[in-house]
2 protein chains.
Amino acid sequence: MTEAPTGSSPTLRDVATEAGVSAATASRALNGSTRNVSAEKLALVLQAAAKLGYAPNLSAQATARGSTKTVALIVHDIADPYFAAIAAGAIEGAEAAGLTVTMAVTDRSPERELEIVSTLRGHRPHAIILAGSRIADDEDALAGELRAYEAAGGRVAVVSQPSLPYGTVTVDNRRAAEELAAALVAHGYRRFAVLHGPPALRTSRDRAEGFVAGLAAAGIAGAEQVGTGFTEDGGHAAMTRLLDRGLDGVELVFAVNDVMAIGALRALRDAGLVPGRDLAVAGFDDISAATDVDPALTTVGVPMRAMGRRALDLALADAAEGEVVWLPTTVVLRESTPRRPG
Amino acid sequence: MTEAPTGSSPTLRDVATEAGVSAATASRALNGSTRNVSAEKLALVLQAAAKLGYAPNLSAQATARGSTKTVALIVHDIADPYFAAIAAGAIEGAEAAGLTVTMAVTDRSPERELEIVSTLRGHRPHAIILAGSRIADDEDALAGELRAYEAAGGRVAVVSQPSLPYGTVTVDNRRAAEELAAALVAHGYRRFAVLHGPPALRTSRDRAEGFVAGLAAAGIAGAEQVGTGFTEDGGHAAMTRLLDRGLDGVELVFAVNDVMAIGALRALRDAGLVPGRDLAVAGFDDISAATDVDPALTTVGVPMRAMGRRALDLALADAAEGEVVWLPTTVVLRESTPRRPG
DNA sequence: GATCTGTCGGAAAACGTATTCCACCACCTA
DNA sequence: TAGGTGGTGGAATACGTTTTCCGACAGATC
């Protein structure tokens, strides 16, 4: 239908000549912002743009304006439902604000993360959102890189990592775990084990410690600790190890996140046990799979999608320097932790 | 430690003056590609860049070079494990190739998708990857937009949509569903119902039709069809509707994807029935949750992550114009469809 | 010793857009 | 009618890079 100039897309100048105006006028007509052009020329330009299928070169726009319309999102693993939900919230917010999202995954490697932030700096994104807690060690290098980015006018927001000096949206993992522990004690449980992730992972530590603190507050001495990976396979392995070693009276296993808990459920079934009846299991996060498994998983509801959304808002708002937004959690008791007759 | 010029990051010229060379030399030193600079100047430039914390402005680079190092990925819903897995594969491949990924989600809206492709065109990404089958109707407008993008030198790859004229990676949904049907008949099932998605969704249609064809090949007349949304809630609603209407001898329900099947499982439990015993359920995709639910879900294994990875490779390879890569599927029989005594 | 060849550095143009600055015109006011 | 005022269009410049083009110089060949 229209001429297809092979090799490259139509430029603003093409549109301008097609419309019989100058490039400046064409630019003004298409952005509309600062100054207004006569209705007549405006129509001409719009028509020419439509005819040529013009799409402004955003890279050129960015270099001319000195700022981009993109937001960078860094997650550990996009296939993990926790991060997927956060990403969904962040993307939703970004699209609402007319921004495009560039995404990178760290695979939980601090070096990779550093590399990513460094590369990202080159993109000059409007904001960088870091999702998921990271290993404590790398924070020096990471902080340096982020400071450079911020010094250049970039914004940073963090999800679930209240230890970096940026706008942060998080939940009170410690307190929520305490509440979960209290609720489970109220259900009649007395002997516990905890499946936790790498100790350097702050989120994991807070949840495990909070749970033990909650038990202590209820007069229960302690809980057996089993370290493992932060993944479903990690949960499976840890549960298997626990079973091999002998349950020794443990009535309930608390895994510091749902994917680990689901792995533990699977390990129980693999061992011929019935989760909920033979051994209770609780998790943390309330990912959607928590209601899909049978027995449905007792857990702590974390508003992941909202966290992503709020993180984006935080990154876009100029005000908040080191503001921390605490989102509420809710203890959700389900069939994986039935009330104990005792 | 070093001067932090507030407001903007150091530019190539800053590095050049710091090193005492021209901008051209600095550029050559940092890219290394076309021409070589003397070892002495190279060291000077590298040192200056490190000292200033220089990160090249990729937007400016892109306008100068006329090409970007980004790949755009379009999915329907990143919180859906199917798309999350595909995205993970694509991102993995992109990072391996030194590309950054920009991501957009359509929420299954054809208009939104069109808008996204149009905006994306402005980014001049190296390639666009479309994941997930789309409604048939919008293909004209979408195809036009994509053609414009391609005419300008962009590459397109598609996942699971063998109807667009681009490099495509997909699975044989029809045949796989046939095989699943055959396997289930061999297990002793005789009366079936099918929970399918919107009929305009090609993937849904292929799977439903394939399943019925497989039944026919085994001498079974047909199956009750229930239309619904392509989501977990859709599966739940459809299953509930089916139960309300009366099972009428149906022994097995096939949902055209796993999230729907999992929704159906939940509906069964909500109705006080035991999935697997009272009614068998099968899905499609083999998302990781399929092994987490109880009973574990019979399904068709689809290599989602590999599909994302291959799609990226396809988009990067110049050769394949309309090449279609068929990835193998495997029928996976699990406890949700126990062998029938009959 | 003169010319050719090859290498390396810098000046300048290019990429596609936004924006500043200036000229122009029409209109309104005194 | 003269002078101001506000709005509109275009030429030119800027953004931060890459790349072309040209000059300078060193070494090799005759």
# chains A, B, ... in the order shown; residues from 1 in each chain; ligands from 1
$ interface_residues --of "chain B" --to "chain C" --cutoff "8 Å" --atoms "only C-alpha atoms (C1' of nucleotides)" --output "PyMOL selection string"
chain B and resi 22+24-25+37-38+63-66
$ calpha_fit_and_write --fixed "chain A" --moving "chain B" --output "compact mmCIF listing (two decimals) with C-alpha atoms, in the first residue's frame"
# COMPACT_ATOMS: atom_id res chain seq x y z
CA MET B 1 -0.07 0.57 -0.13
CA THR B 2 2.75 2.96 0.80
CA GLU B 3 6.39 2.94 -0.15
CA ALA B 4 8.36 0.55 2.05
CA PRO B 5 11.91 1.85 2.11
CA THR B 6 13.71 -1.40 2.72
CA GLY B 7 16.50 -1.43 5.23
CA SER B 8 15.37 1.29 7.55
CA SER B 9 12.28 2.89 8.91
CA PRO B 10 11.12 6.37 7.99
CA THR B 11 12.78 9.14 9.91
CA LEU B 12 11.40 12.36 11.27
CA ARG B 13 12.90 14.18 8.31
CA ASP B 14 11.03 11.92 5.95
CA VAL B 15 7.83 12.84 7.68
CA ALA B 16 8.76 16.51 7.57
CA THR B 17 9.48 16.56 3.85
CA GLU B 18 6.38 14.52 3.17
CA ALA B 19 4.35 17.09 5.07
CA GLY B 20 6.23 20.00 3.55
CA VAL B 21 7.44 21.40 6.84
CA SER B 22 10.73 21.56 8.70
CA ALA B 23 11.98 18.82 11.00
CA ALA B 24 11.53 21.12 13.95
CA THR B 25 7.86 21.63 13.22
CA ALA B 26 7.36 17.94 12.68
CA SER B 27 8.95 17.20 16.03
CA ARG B 28 6.79 19.76 17.75
CA ALA B 29 3.67 18.48 16.08
CA LEU B 30 4.31 14.93 17.15
CA ASN B 31 5.17 15.68 20.76
CA GLY B 32 2.67 18.41 21.25
CA SER B 33 4.26 19.40 24.50
CA THR B 34 6.21 22.63 24.70
CA ARG B 35 4.96 24.76 21.88
CA ASN B 36 1.97 24.53 19.64
CA VAL B 37 1.91 24.49 15.90
CA SER B 38 -0.91 25.71 13.73
CA ALA B 39 -3.80 23.34 13.31
CA GLU B 40 -3.15 23.18 9.60
CA LYS B 41 0.49 22.04 9.82
CA LEU B 42 -0.31 19.74 12.67
CA ALA B 43 -2.83 17.90 10.55
CA LEU B 44 -0.35 17.68 7.69
CA VAL B 45 2.35 16.22 9.90
CA LEU B 46 0.05 13.73 11.57
CA GLN B 47 -1.21 12.60 8.23
CA ALA B 48 2.28 12.22 6.80
CA ALA B 49 3.38 10.25 9.86
CA ALA B 50 0.44 7.91 9.54
CA LYS B 51 1.03 7.45 5.85
CA LEU B 52 4.69 6.53 6.30
CA GLY B 53 4.04 4.40 9.36
CA TYR B 54 6.44 6.55 11.32
CA ALA B 55 7.60 5.35 14.71
CA PRO B 56 10.02 7.71 16.46
CA ASN B 57 13.44 6.30 17.14
CA LEU B 58 13.43 6.11 20.90
CA SER B 59 17.19 5.77 21.13
CA ALA B 60 17.68 9.02 19.29
CA GLN B 61 14.96 10.58 21.38
CA ALA B 62 16.72 9.42 24.48
CA THR B 63 20.08 10.87 23.52
CA ALA B 64 18.51 14.14 22.53
CA ARG B 65 16.39 14.40 25.65
CA GLY B 66 18.98 12.91 27.94
CA SER B 67 16.43 10.64 29.55
CA THR B 68 14.68 7.41 28.71
CA LYS B 69 11.23 6.03 29.23
CA THR B 70 12.34 2.68 30.56
CA VAL B 71 12.51 1.01 33.92
CA ALA B 72 14.86 -1.83 34.69
CA LEU B 73 13.70 -4.73 36.78
CA ILE B 74 16.15 -7.17 38.29
CA VAL B 75 14.92 -10.46 39.73
CA HIS B 76 16.65 -13.62 40.84
CA ASP B 77 14.58 -16.06 38.83
CA ILE B 78 11.59 -15.16 36.73
CA ALA B 79 10.28 -18.73 36.72
CA ASP B 80 9.91 -18.56 40.50
CA PRO B 81 6.28 -17.61 41.21
CA TYR B 82 7.36 -15.18 43.90
CA PHE B 83 9.37 -13.09 41.48
CA ALA B 84 6.91 -13.62 38.66
CA ALA B 85 4.20 -12.04 40.80
CA ILE B 86 6.41 -9.12 41.78
CA ALA B 87 7.36 -8.63 38.16
CA ALA B 88 3.73 -8.69 37.13
CA GLY B 89 2.97 -5.91 39.58
CA ALA B 90 5.91 -3.82 38.50
CA ILE B 91 5.17 -4.25 34.82
CA GLU B 92 1.55 -3.37 35.38
CA GLY B 93 2.57 -0.14 37.04
CA ALA B 94 5.15 0.65 34.41
CA GLU B 95 2.75 0.20 31.55
CA ALA B 96 0.23 2.37 33.31
CA ALA B 97 2.87 5.08 33.49
CA GLY B 98 3.81 4.68 29.84
CA LEU B 99 7.18 3.15 30.59
CA THR B 100 8.71 0.06 29.09
CA VAL B 101 10.38 -2.49 31.26
CA THR B 102 13.73 -4.10 30.67
CA MET B 103 14.28 -7.20 32.66
CA ALA B 104 17.30 -9.13 33.81
CA VAL B 105 17.69 -12.20 35.96
CA THR B 106 20.60 -12.82 38.29
CA ASP B 107 20.17 -16.54 38.89
CA ARG B 108 21.03 -15.62 42.46
CA SER B 109 24.61 -14.85 41.55
CA PRO B 110 25.99 -11.69 43.15
CA GLU B 111 28.58 -11.34 40.39
CA ARG B 112 25.94 -11.60 37.74
CA GLU B 113 23.88 -9.04 39.54
CA LEU B 114 26.72 -6.59 39.68
CA GLU B 115 27.39 -7.10 36.00
CA ILE B 116 23.73 -6.50 35.25
CA VAL B 117 23.54 -3.28 37.18
CA SER B 118 26.67 -2.11 35.44
CA THR B 119 25.29 -2.86 31.99
CA LEU B 120 21.95 -1.41 32.90
CA ARG B 121 23.56 1.82 33.89
CA GLY B 122 24.41 2.22 30.24
CA HIS B 123 20.76 2.11 29.33
CA ARG B 124 20.17 5.13 31.55
CA PRO B 125 16.84 3.77 32.73
CA HIS B 126 14.52 6.07 34.56
CA ALA B 127 14.63 3.73 37.52
CA ILE B 128 16.10 0.44 38.62
CA ILE B 129 14.05 -1.94 40.73
CA LEU B 130 15.87 -4.63 42.64
CA ALA B 131 13.64 -7.49 43.67
CA GLY B 132 14.55 -10.12 46.20
CA SER B 133 17.01 -10.03 49.00
CA ARG B 134 20.60 -10.55 48.18
CA ILE B 135 23.62 -12.01 49.78
CA ALA B 136 25.07 -9.66 52.33
CA ASP B 137 28.64 -9.78 51.04
CA ASP B 138 28.20 -8.21 47.67
CA GLU B 139 26.58 -5.14 48.99
CA ASP B 140 29.69 -3.01 48.89
CA ALA B 141 30.30 -3.39 45.19
CA LEU B 142 26.61 -3.28 44.42
CA ALA B 143 26.12 -0.20 46.53
CA GLY B 144 28.95 1.54 44.70
CA GLU B 145 27.46 0.78 41.34
CA LEU B 146 24.05 1.95 42.47
CA ARG B 147 25.45 5.10 43.95
CA ALA B 148 27.06 5.95 40.62
CA TYR B 149 23.75 5.36 38.94
CA GLU B 150 21.93 7.50 41.43
CA ALA B 151 24.52 10.26 41.20
CA ALA B 152 23.76 10.42 37.50
CA GLY B 153 20.12 11.10 38.25
CA GLY B 154 18.69 7.59 38.30
CA ARG B 155 16.21 6.31 40.83
CA VAL B 156 16.44 3.07 42.73
CA ALA B 157 13.78 1.08 44.50
CA VAL B 158 14.14 -2.18 46.30
CA VAL B 159 11.71 -4.95 47.08
CA SER B 160 12.10 -6.91 50.30
CA GLN B 161 15.56 -5.71 51.23
CA PRO B 162 15.32 -3.08 53.92
CA SER B 163 19.07 -2.70 54.19
CA LEU B 164 19.92 -0.60 51.16
CA PRO B 165 19.54 3.17 51.43
CA TYR B 166 16.78 3.44 48.84
CA GLY B 167 13.03 3.50 48.69
CA THR B 168 12.03 0.05 49.79
CA VAL B 169 8.85 -1.92 49.93
CA THR B 170 8.90 -4.89 52.17
CA VAL B 171 7.06 -6.90 54.76
CA ASP B 172 7.94 -7.52 58.35
CA ASN B 173 9.25 -11.02 57.88
CA ARG B 174 10.34 -11.39 61.47
CA ARG B 175 7.10 -10.37 63.03
CA ALA B 176 5.00 -12.31 60.53
CA ALA B 177 6.96 -15.45 61.31
CA GLU B 178 6.41 -14.80 64.99
CA GLU B 179 2.69 -14.59 64.43
CA LEU B 180 2.71 -17.76 62.42
CA ALA B 181 4.54 -19.54 65.22
CA ALA B 182 2.04 -18.26 67.77
CA ALA B 183 -0.88 -19.42 65.65
CA LEU B 184 0.63 -22.86 65.23
CA VAL B 185 1.29 -23.23 68.93
CA ALA B 186 -2.30 -22.25 69.51
CA HIS B 187 -3.20 -25.09 67.19
CA GLY B 188 -1.55 -27.48 69.57
CA TYR B 189 1.88 -27.99 68.01
CA ARG B 190 4.83 -28.29 70.34
CA ARG B 191 7.82 -29.66 68.44
CA PHE B 192 9.12 -27.91 65.36
CA ALA B 193 11.77 -28.00 62.72
CA VAL B 194 12.79 -25.11 60.47
CA LEU B 195 13.97 -25.45 56.88
CA HIS B 196 15.90 -22.32 56.10
CA GLY B 197 17.86 -21.02 53.11
CA PRO B 198 21.42 -19.71 52.92
CA PRO B 199 22.12 -17.89 56.20
CA ALA B 200 23.50 -14.90 54.31
CA LEU B 201 20.08 -14.36 52.81
CA ARG B 202 18.49 -11.84 55.05
CA THR B 203 14.91 -12.78 54.25
CA SER B 204 15.57 -16.37 55.13
CA ARG B 205 17.29 -15.45 58.36
CA ASP B 206 14.58 -13.03 59.46
CA ARG B 207 11.87 -15.58 58.93
CA ALA B 208 13.70 -18.38 60.66
CA GLU B 209 14.67 -16.22 63.61
CA GLY B 210 11.23 -14.72 63.88
CA PHE B 211 9.69 -18.14 63.96
CA VAL B 212 11.98 -19.29 66.73
CA ALA B 213 11.33 -16.08 68.64
CA GLY B 214 7.61 -16.66 68.32
CA LEU B 215 8.05 -20.14 69.71
CA ALA B 216 10.12 -18.81 72.58
CA ALA B 217 7.42 -16.28 73.39
CA ALA B 218 5.02 -19.19 73.65
CA GLY B 219 7.36 -21.00 75.98
CA ILE B 220 8.81 -23.44 73.51
CA ALA B 221 12.51 -23.91 73.71
CA GLY B 222 13.69 -24.15 70.11
CA ALA B 223 13.48 -25.91 66.84
CA GLU B 224 15.72 -28.09 64.82
CA GLN B 225 17.33 -26.14 61.98
CA VAL B 226 18.06 -27.54 58.54
CA GLY B 227 19.85 -25.39 56.00
CA THR B 228 19.22 -25.77 52.30
CA GLY B 229 18.72 -23.94 49.04
CA PHE B 230 15.99 -21.37 48.63
CA THR B 231 14.26 -23.44 45.95
CA GLU B 232 11.77 -26.26 45.65
CA ASP B 233 14.53 -28.79 45.17
CA GLY B 234 16.22 -27.34 48.22
CA GLY B 235 13.08 -27.95 50.26
CA HIS B 236 12.81 -31.47 48.96
CA ALA B 237 16.41 -32.24 49.80
CA ALA B 238 16.20 -30.76 53.28
CA MET B 239 13.02 -32.63 54.10
CA THR B 240 14.53 -35.87 52.86
CA ARG B 241 17.57 -35.28 55.01
CA LEU B 242 15.38 -34.59 58.01
CA LEU B 243 13.44 -37.80 57.49
CA ASP B 244 16.62 -39.83 57.07
CA ARG B 245 18.00 -38.47 60.27
CA GLY B 246 14.80 -39.36 62.11
CA LEU B 247 11.95 -37.04 62.96
CA ASP B 248 12.48 -37.48 66.67
CA GLY B 249 9.08 -36.21 67.68
CA VAL B 250 8.91 -33.20 65.36
CA GLU B 251 5.29 -32.42 64.59
CA LEU B 252 5.57 -29.49 62.22
CA VAL B 253 8.10 -28.30 59.68
CA PHE B 254 8.26 -24.63 58.83
CA ALA B 255 9.92 -23.82 55.53
CA VAL B 256 10.93 -20.20 55.07
CA ASN B 257 9.16 -19.96 51.75
CA ASP B 258 6.37 -21.71 49.92
CA VAL B 259 8.38 -23.25 47.12
CA MET B 260 10.58 -24.92 49.71
CA ALA B 261 7.51 -26.04 51.63
CA ILE B 262 6.04 -27.51 48.48
CA GLY B 263 9.28 -29.35 47.88
CA ALA B 264 9.02 -30.66 51.41
CA LEU B 265 5.47 -31.86 50.78
CA ARG B 266 6.68 -33.75 47.77
CA ALA B 267 9.49 -35.32 49.80
CA LEU B 268 6.97 -36.47 52.38
CA ARG B 269 4.82 -38.14 49.77
CA ASP B 270 7.90 -39.68 48.20
CA ALA B 271 8.63 -41.22 51.58
CA GLY B 272 5.12 -42.62 51.80
CA LEU B 273 3.96 -40.19 54.44
CA VAL B 274 0.79 -38.13 54.38
CA PRO B 275 1.48 -34.42 54.82
CA GLY B 276 -0.83 -32.83 57.33
CA ARG B 277 -1.59 -36.11 59.05
CA ASP B 278 1.85 -37.58 59.64
CA LEU B 279 3.67 -34.30 59.67
CA ALA B 280 2.40 -30.76 59.39
CA VAL B 281 4.05 -28.28 57.04
CA ALA B 282 3.93 -24.52 56.83
CA GLY B 283 5.43 -22.11 54.34
CA PHE B 284 5.71 -18.40 53.68
CA ASP B 285 4.56 -16.10 50.83
CA ASP B 286 1.20 -17.60 49.85
CA ILE B 287 2.05 -18.10 46.21
CA SER B 288 -0.93 -19.26 44.21
CA ALA B 289 0.32 -22.84 44.23
CA ALA B 290 -0.15 -22.85 48.00
CA THR B 291 -3.87 -23.37 47.52
CA ASP B 292 -3.34 -25.85 44.70
CA VAL B 293 -1.40 -28.43 46.62
CA ASP B 294 -3.16 -30.98 48.75
CA PRO B 295 -3.24 -30.46 51.65
CA ALA B 296 -3.49 -26.74 51.01
CA LEU B 297 -0.54 -25.04 52.58
CA THR B 298 -0.58 -23.03 55.76
CA THR B 299 1.51 -19.96 55.08
CA VAL B 300 1.92 -16.23 55.51
CA GLY B 301 0.24 -14.14 52.87
CA VAL B 302 2.60 -11.67 51.24
CA PRO B 303 1.11 -9.20 48.74
CA MET B 304 3.72 -9.83 46.09
CA ARG B 305 2.00 -8.19 43.19
CA ALA B 306 1.26 -5.11 45.25
CA MET B 307 4.90 -5.03 46.30
CA GLY B 308 6.00 -4.83 42.68
CA ARG B 309 3.48 -2.15 42.00
CA ARG B 310 4.44 -0.08 45.02
CA ALA B 311 8.11 -0.42 44.26
CA LEU B 312 7.50 1.11 40.88
CA ASP B 313 5.51 3.96 42.39
CA LEU B 314 8.28 4.52 44.87
CA ALA B 315 10.89 4.61 42.15
CA LEU B 316 8.89 7.15 40.22
CA ALA B 317 8.13 9.45 43.13
CA ASP B 318 10.86 12.02 43.66
CA ALA B 319 10.23 12.54 47.34
CA ALA B 320 11.08 9.35 49.12
CA GLU B 321 14.80 9.08 49.61
CA GLY B 322 15.08 6.12 51.89
CA GLU B 323 11.42 5.65 52.62
CA VAL B 324 10.43 2.15 53.64
CA VAL B 325 6.91 0.95 52.88
CA TRP B 326 5.78 -1.92 55.08
CA LEU B 327 3.02 -3.93 53.52
CA PRO B 328 0.76 -6.04 55.73
CA THR B 329 0.94 -9.82 55.89
CA THR B 330 -1.65 -12.28 57.03
CA VAL B 331 -1.27 -15.68 58.60
CA VAL B 332 -3.29 -18.18 56.59
CA LEU B 333 -4.04 -21.47 58.30
CA ARG B 334 -4.94 -24.29 55.95
CA GLU B 335 -5.15 -28.06 55.93
CA SER B 336 -1.43 -28.72 55.99
CA THR B 337 -1.47 -27.81 59.69
CA PRO B 338 -4.65 -29.31 61.14
CA ARG B 339 -5.58 -28.49 64.70
CA ARG B 340 -4.03 -31.04 66.99
CA PRO B 341 -6.32 -32.98 69.27
CA GLY B 342 -3.73 -32.91 72.09
$ interface_residues --of "chain D" --to "chain A" --cutoff "12 Å" --atoms "only C-alpha atoms (C1' of nucleotides)" --output "PyMOL selection string"
chain D and resi 7-17
$ write_last_selection --atoms "N, CA and C atoms (P, O5', C5', C4', C3', O3' and C1' of nucleotides)" --output "PDB file, in the first residue's frame"
ATOM      1  P    DG D   7       0.122  33.511  23.115  1.00  0.00           P
ATOM      2  O5'  DG D   7       0.078  32.760  21.710  1.00  0.00           O
ATOM      3  C5'  DG D   7      -0.859  33.201  20.730  1.00  0.00           C
ATOM      4  C4'  DG D   7      -0.297  32.943  19.348  1.00  0.00           C
ATOM      5  C3'  DG D   7       0.268  31.526  19.151  1.00  0.00           C
ATOM      6  O3'  DG D   7      -0.272  30.995  17.958  1.00  0.00           O
ATOM      7  C1'  DG D   7       1.828  33.136  18.420  1.00  0.00           C
ATOM      8  P    DT D   8      -0.314  29.399  17.765  1.00  0.00           P
ATOM      9  O5'  DT D   8       0.666  29.183  16.535  1.00  0.00           O
ATOM     10  C5'  DT D   8       0.405  29.870  15.314  1.00  0.00           C
ATOM     11  C4'  DT D   8       1.651  29.881  14.475  1.00  0.00           C
ATOM     12  C3'  DT D   8       2.332  28.515  14.329  1.00  0.00           C
ATOM     13  O3'  DT D   8       2.331  28.162  12.960  1.00  0.00           O
ATOM     14  C1'  DT D   8       3.901  30.235  14.730  1.00  0.00           C
ATOM     15  P    DG D   9       2.779  26.687  12.531  1.00  0.00           P
ATOM     16  O5'  DG D   9       4.167  27.000  11.822  1.00  0.00           O
ATOM     17  C5'  DG D   9       4.176  27.746  10.610  1.00  0.00           C
ATOM     18  C4'  DG D   9       5.615  28.008  10.207  1.00  0.00           C
ATOM     19  C3'  DG D   9       6.452  26.728  10.058  1.00  0.00           C
ATOM     20  O3'  DG D   9       7.045  26.712   8.771  1.00  0.00           O
ATOM     21  C1'  DG D   9       7.537  28.296  11.513  1.00  0.00           C
ATOM     22  P    DG D  10       7.914  25.484   8.267  1.00  0.00           P
ATOM     23  O5'  DG D  10       9.372  26.035   8.513  1.00  0.00           O
ATOM     24  C5'  DG D  10       9.735  27.272   7.922  1.00  0.00           C
ATOM     25  C4'  DG D  10      11.162  27.633   8.284  1.00  0.00           C
ATOM     26  C3'  DG D  10      12.185  26.510   8.098  1.00  0.00           C
ATOM     27  O3'  DG D  10      13.385  27.098   7.626  1.00  0.00           O
ATOM     28  C1'  DG D  10      12.241  27.261  10.324  1.00  0.00           C
ATOM     29  P    DA D  11      14.440  26.169   6.854  1.00  0.00           P
ATOM     30  O5'  DA D  11      15.801  26.755   7.462  1.00  0.00           O
ATOM     31  C5'  DA D  11      15.894  28.167   7.737  1.00  0.00           C
ATOM     32  C4'  DA D  11      17.049  28.420   8.692  1.00  0.00           C
ATOM     33  C3'  DA D  11      18.235  27.476   8.532  1.00  0.00           C
ATOM     34  O3'  DA D  11      19.428  28.226   8.735  1.00  0.00           O
ATOM     35  C1'  DA D  11      17.357  27.256  10.712  1.00  0.00           C
ATOM     36  P    DA D  12      20.848  27.509   8.620  1.00  0.00           P
ATOM     37  O5'  DA D  12      21.229  27.277  10.152  1.00  0.00           O
ATOM     38  C5'  DA D  12      20.993  28.336  11.088  1.00  0.00           C
ATOM     39  C4'  DA D  12      21.337  27.865  12.491  1.00  0.00           C
ATOM     40  C3'  DA D  12      22.549  26.936  12.576  1.00  0.00           C
ATOM     41  O3'  DA D  12      23.258  27.255  13.748  1.00  0.00           O
ATOM     42  C1'  DA D  12      20.715  25.876  13.546  1.00  0.00           C
ATOM     43  P    DT D  13      24.758  26.755  13.928  1.00  0.00           P
ATOM     44  O5'  DT D  13      24.688  26.045  15.363  1.00  0.00           O
ATOM     45  C5'  DT D  13      24.026  26.726  16.436  1.00  0.00           C
ATOM     46  C4'  DT D  13      23.589  25.725  17.482  1.00  0.00           C
ATOM     47  C3'  DT D  13      24.658  24.687  17.865  1.00  0.00           C
ATOM     48  O3'  DT D  13      24.726  24.634  19.279  1.00  0.00           O
ATOM     49  C1'  DT D  13      22.623  23.624  17.411  1.00  0.00           C
ATOM     50  P    DA D  14      26.043  24.062  19.957  1.00  0.00           P
ATOM     51  O5'  DA D  14      25.432  22.979  20.950  1.00  0.00           O
ATOM     52  C5'  DA D  14      24.296  23.291  21.742  1.00  0.00           C
ATOM     53  C4'  DA D  14      23.600  22.000  22.117  1.00  0.00           C
ATOM     54  C3'  DA D  14      24.564  20.860  22.440  1.00  0.00           C
ATOM     55  O3'  DA D  14      24.346  20.401  23.765  1.00  0.00           O
ATOM     56  C1'  DA D  14      22.876  20.160  20.913  1.00  0.00           C
ATOM     57  P    DC D  15      25.511  19.588  24.489  1.00  0.00           P
ATOM     58  O5'  DC D  15      24.859  18.207  24.908  1.00  0.00           O
ATOM     59  C5'  DC D  15      23.474  18.001  25.050  1.00  0.00           C
ATOM     60  C4'  DC D  15      23.122  16.588  24.682  1.00  0.00           C
ATOM     61  C3'  DC D  15      24.309  15.632  24.673  1.00  0.00           C
ATOM     62  O3'  DC D  15      24.364  14.957  25.919  1.00  0.00           O
ATOM     63  C1'  DC D  15      22.854  15.298  22.789  1.00  0.00           C
ATOM     64  P    DG D  16      25.780  14.748  26.621  1.00  0.00           P
ATOM     65  O5'  DG D  16      26.284  13.394  25.957  1.00  0.00           O
ATOM     66  C5'  DG D  16      25.544  12.213  26.172  1.00  0.00           C
ATOM     67  C4'  DG D  16      26.012  11.143  25.220  1.00  0.00           C
ATOM     68  C3'  DG D  16      27.516  10.863  25.293  1.00  0.00           C
ATOM     69  O3'  DG D  16      27.694   9.470  25.279  1.00  0.00           O
ATOM     70  C1'  DG D  16      26.889  11.314  23.080  1.00  0.00           C
ATOM     71  P    DT D  17      29.053   8.768  25.696  1.00  0.00           P
ATOM     72  O5'  DT D  17      29.080   7.552  24.678  1.00  0.00           O
ATOM     73  C5'  DT D  17      29.858   7.592  23.534  1.00  0.00           C
ATOM     74  C4'  DT D  17      29.059   7.165  22.328  1.00  0.00           C
ATOM     75  C3'  DT D  17      29.954   6.571  21.260  1.00  0.00           C
ATOM     76  O3'  DT D  17      29.879   5.161  21.341  1.00  0.00           O
ATOM     77  C1'  DT D  17      28.465   8.235  20.366  1.00  0.00           C
TER      78       DT D  17
END
